[in-house]
There are 2 protein chains.
Amino acid sequence: MSKDPVLTLIDLFARLPGFGQRSARRAVLHLIKKKETLLPDFANAIQNVIRTVRFCPVCGNLDSQSPCHICMDNERDGHIICVVQDVADLWAIERSAAFKGRYHVLNGLLSAIDGTGPEELKLPALEKRLKEVSPLPYELILALPTTVDGQTTAHYIIDRFKDLPVKISSLAQGIPLGGELDYLDDGTIRMALNSRH
Amino acid sequence: MSKDPVLTLIDLFARLPGFGQRSARRAVLHLIKKKETLLPDFANAIQNVIRTVRFCPVCGNLDSQSPCHICMDNERDGHIICVVQDVADLWAIERSAAFKGRYHVLNGLLSAIDGTGPEELKLPALEKRLKEVSPLPYELILALPTTVDGQTTAHYIIDRFKDLPVKISSLAQGIPLGGELDYLDDGTIRMALNSRH
């Protein structure tokens, strides 16, 4: 006999980030109790994603059209490209509704420990994109995390494109909105002090 | 245009217990990144569950056979029935591998606040089951939570079946294995003291 379908589904849920066996059991049980409504919706939604969602060949965003709706939106400023690590970061910036340019998803960061070099990321694709589209100059906004790998990647990008007529900026760093000084780490406070304006 | 398939899937995930928008986004992004492997497995597992999994008409367990494999297992003692609130509790007892009888899933607890009466639970089905199967006597093990509703339900069951030749027992209550006294609530310690043996 093949493995029990319920156990199979629980094991799959347990492989999602933030899930363990216990929370997976809870989620699956909830789904099965809503067998007539939620479960078919789930099945359809997953089939839809499999059938339609692709990574955008231009920017690396996820969308059901290709190129993605951001790349195809003529109201957006194609001369400003925001470089992000991951699609999740792109979504976060889109939710802020503060950016009306285009994106470039690197799909990771340079990392000596993980052995991720520039060729593993979408950096050659970014270079090609910068050189192909006219008219230059572009502005590149580096929206990369303030971690060692994030900053290494930022420095690498600045260095790699220093001969192109491209303005490169980074997100401002400092105290987050509503951030209580008492709860912030020393590094953030030091950085906010040094970058005071 | 219909709603974006990715957003639809995120919204469905966010309706699962223990999930919010953020964790749903994380899970969906992880799934889409494994589009070639994990996502089709997910779709198949859900289809299998929809197609095969049913609530057992005898005991209320979830299984792909009907009656379930526990009810059909002749090596199990059909004269001991363990009464649980929920399929999750049945699974928990099965994992302990300490019980070789059958089950009865109530699908909830009596609750004055939620307005759940005996007819909403599988209590008439339990009575029918007790009266139909011979030879009696049965033992009923009440594996119900030590909450107000759980204990109300236990008392109700004891009262309802007091005229049947059925022995009714409850799970022992006390200090859990590895339980540090210092971290246990007062009620548990008091109960463990009163029930000392």
# chains A, B, ... in the order shown; residues from 1 in each chain; ligands from 1
call {"tool": "interface_residues", "arguments": {"of": "chain B", "to": "chain A", "cutoff": "6 Å", "atoms": "only C-alpha atoms", "output": "VMD selection string"}}
result
chain B and resid 5 9 16 to 17 27 43 45 49
call {"tool": "select_by_dssp", "arguments": {"residues": "chain B", "states": "strand (DSSP E or B)", "output": "PyMOL selection string"}}
result
chain B and resi 54-55+62-63+77-84+101-105+111+116+139-143+167-170
call {"tool": "residues_around", "arguments": {"residues": "Asp149 (chain B)", "least_positions_apart": "2", "cutoff": "8 Å", "atoms": "only C-alpha atoms", "output": "PyMOL selection string"}}
result
chain B and resi 109-111+147+151-153
call {"tool": "atom_distance", "arguments": {"atom1": "CA of Thr188 (chain B)", "atom2": "CA of Ala143 (chain B)"}}
result
16.8 Å
call {"tool": "select_by_dssp", "arguments": {"residues": "region 22-187 of chain B", "states": "helix (DSSP H, G or I)", "output": "number ranges by chain"}}
result
B: 22-33, 38-52, 69-72, 87-96, 123-132, 148-160, 181-183, 186-187
call {"tool": "write_last_selection", "arguments": {"atoms": "C-alpha atoms", "output": "PDB file, in the first residue's frame"}}
result
ATOM      1  CA  ARG B  22       3.877  37.260   6.318  1.00  0.00           C
ATOM      2  CA  SER B  23       4.387  33.559   6.967  1.00  0.00           C
ATOM      3  CA  ALA B  24       1.969  32.730   4.133  1.00  0.00           C
ATOM      4  CA  ARG B  25       4.057  34.828   1.734  1.00  0.00           C
ATOM      5  CA  ARG B  26       7.183  33.049   2.922  1.00  0.00           C
ATOM      6  CA  ALA B  27       5.670  29.598   2.453  1.00  0.00           C
ATOM      7  CA  VAL B  28       4.263  30.397  -0.996  1.00  0.00           C
ATOM      8  CA  LEU B  29       7.537  31.910  -2.177  1.00  0.00           C
ATOM      9  CA  HIS B  30       9.362  28.799  -0.988  1.00  0.00           C
ATOM     10  CA  LEU B  31       6.857  26.618  -2.863  1.00  0.00           C
ATOM     11  CA  ILE B  32       7.191  28.615  -6.079  1.00  0.00           C
ATOM     12  CA  LYS B  33      10.974  28.471  -5.926  1.00  0.00           C
ATOM     13  CA  LEU B  38       7.667  20.506  -4.257  1.00  0.00           C
ATOM     14  CA  LEU B  39       4.743  22.329  -5.904  1.00  0.00           C
ATOM     15  CA  PRO B  40       3.520  19.431  -8.112  1.00  0.00           C
ATOM     16  CA  ASP B  41       3.918  17.070  -5.130  1.00  0.00           C
ATOM     17  CA  PHE B  42       1.730  19.438  -3.147  1.00  0.00           C
ATOM     18  CA  ALA B  43      -0.903  19.540  -5.862  1.00  0.00           C
ATOM     19  CA  ASN B  44      -0.934  15.740  -6.122  1.00  0.00           C
ATOM     20  CA  ALA B  45      -1.088  15.241  -2.362  1.00  0.00           C
ATOM     21  CA  ILE B  46      -4.058  17.586  -2.066  1.00  0.00           C
ATOM     22  CA  GLN B  47      -5.857  15.876  -4.953  1.00  0.00           C
ATOM     23  CA  ASN B  48      -5.231  12.504  -3.306  1.00  0.00           C
ATOM     24  CA  VAL B  49      -6.678  13.746  -0.041  1.00  0.00           C
ATOM     25  CA  ILE B  50      -9.746  15.170  -1.793  1.00  0.00           C
ATOM     26  CA  ARG B  51     -10.250  11.952  -3.745  1.00  0.00           C
ATOM     27  CA  THR B  52      -9.639   9.371  -1.055  1.00  0.00           C
ATOM     28  CA  HIS B  69      -7.957   0.905   9.178  1.00  0.00           C
ATOM     29  CA  ILE B  70      -8.279   1.076  12.979  1.00  0.00           C
ATOM     30  CA  CYS B  71     -11.923  -0.039  12.915  1.00  0.00           C
ATOM     31  CA  MET B  72     -11.046  -2.812  10.423  1.00  0.00           C
ATOM     32  CA  VAL B  87      -8.757  13.500  15.146  1.00  0.00           C
ATOM     33  CA  ALA B  88      -5.560  15.288  16.231  1.00  0.00           C
ATOM     34  CA  ASP B  89      -5.902  13.686  19.673  1.00  0.00           C
ATOM     35  CA  LEU B  90      -6.462  10.274  18.087  1.00  0.00           C
ATOM     36  CA  TRP B  91      -3.224  10.775  16.139  1.00  0.00           C
ATOM     37  CA  ALA B  92      -1.408  11.777  19.338  1.00  0.00           C
ATOM     38  CA  ILE B  93      -2.510   8.607  21.134  1.00  0.00           C
ATOM     39  CA  GLU B  94      -1.604   6.484  18.093  1.00  0.00           C
ATOM     40  CA  ARG B  95       1.899   8.005  18.114  1.00  0.00           C
ATOM     41  CA  SER B  96       2.314   6.904  21.722  1.00  0.00           C
ATOM     42  CA  LEU B 123     -22.655  11.283  21.207  1.00  0.00           C
ATOM     43  CA  PRO B 124     -25.806   9.690  19.751  1.00  0.00           C
ATOM     44  CA  ALA B 125     -23.509   7.732  17.424  1.00  0.00           C
ATOM     45  CA  LEU B 126     -21.492   6.577  20.450  1.00  0.00           C
ATOM     46  CA  GLU B 127     -24.649   5.432  22.235  1.00  0.00           C
ATOM     47  CA  LYS B 128     -25.804   3.564  19.143  1.00  0.00           C
ATOM     48  CA  ARG B 129     -22.374   1.973  18.837  1.00  0.00           C
ATOM     49  CA  LEU B 130     -22.341   0.894  22.491  1.00  0.00           C
ATOM     50  CA  LYS B 131     -25.795  -0.638  22.258  1.00  0.00           C
ATOM     51  CA  GLU B 132     -25.323  -2.395  18.939  1.00  0.00           C
ATOM     52  CA  VAL B 148     -13.920  23.066  31.878  1.00  0.00           C
ATOM     53  CA  ASP B 149     -15.535  21.918  28.619  1.00  0.00           C
ATOM     54  CA  GLY B 150     -13.536  18.692  28.593  1.00  0.00           C
ATOM     55  CA  GLN B 151     -14.549  17.780  32.124  1.00  0.00           C
ATOM     56  CA  THR B 152     -18.171  18.802  31.518  1.00  0.00           C
ATOM     57  CA  THR B 153     -18.237  16.456  28.544  1.00  0.00           C
ATOM     58  CA  ALA B 154     -16.666  13.661  30.599  1.00  0.00           C
ATOM     59  CA  HIS B 155     -19.276  14.050  33.352  1.00  0.00           C
ATOM     60  CA  TYR B 156     -22.055  14.115  30.782  1.00  0.00           C
ATOM     61  CA  ILE B 157     -20.805  10.876  29.197  1.00  0.00           C
ATOM     62  CA  ILE B 158     -20.475   9.169  32.595  1.00  0.00           C
ATOM     63  CA  ASP B 159     -24.021  10.226  33.442  1.00  0.00           C
ATOM     64  CA  ARG B 160     -25.534   9.332  30.067  1.00  0.00           C
ATOM     65  CA  LEU B 181       7.692  21.369  39.205  1.00  0.00           C
ATOM     66  CA  ASP B 182       8.909  24.924  39.039  1.00  0.00           C
ATOM     67  CA  TYR B 183       7.392  25.422  35.586  1.00  0.00           C
ATOM     68  CA  ASP B 186      -0.491  25.518  40.524  1.00  0.00           C
ATOM     69  CA  GLY B 187      -3.564  23.588  39.442  1.00  0.00           C
TER      70      GLY B 187
END
call {"tool": "atom_distance", "arguments": {"atom1": "CA of Arg76 (chain B)", "atom2": "CA of Phe99 (chain B)"}}
result
8.9 Å
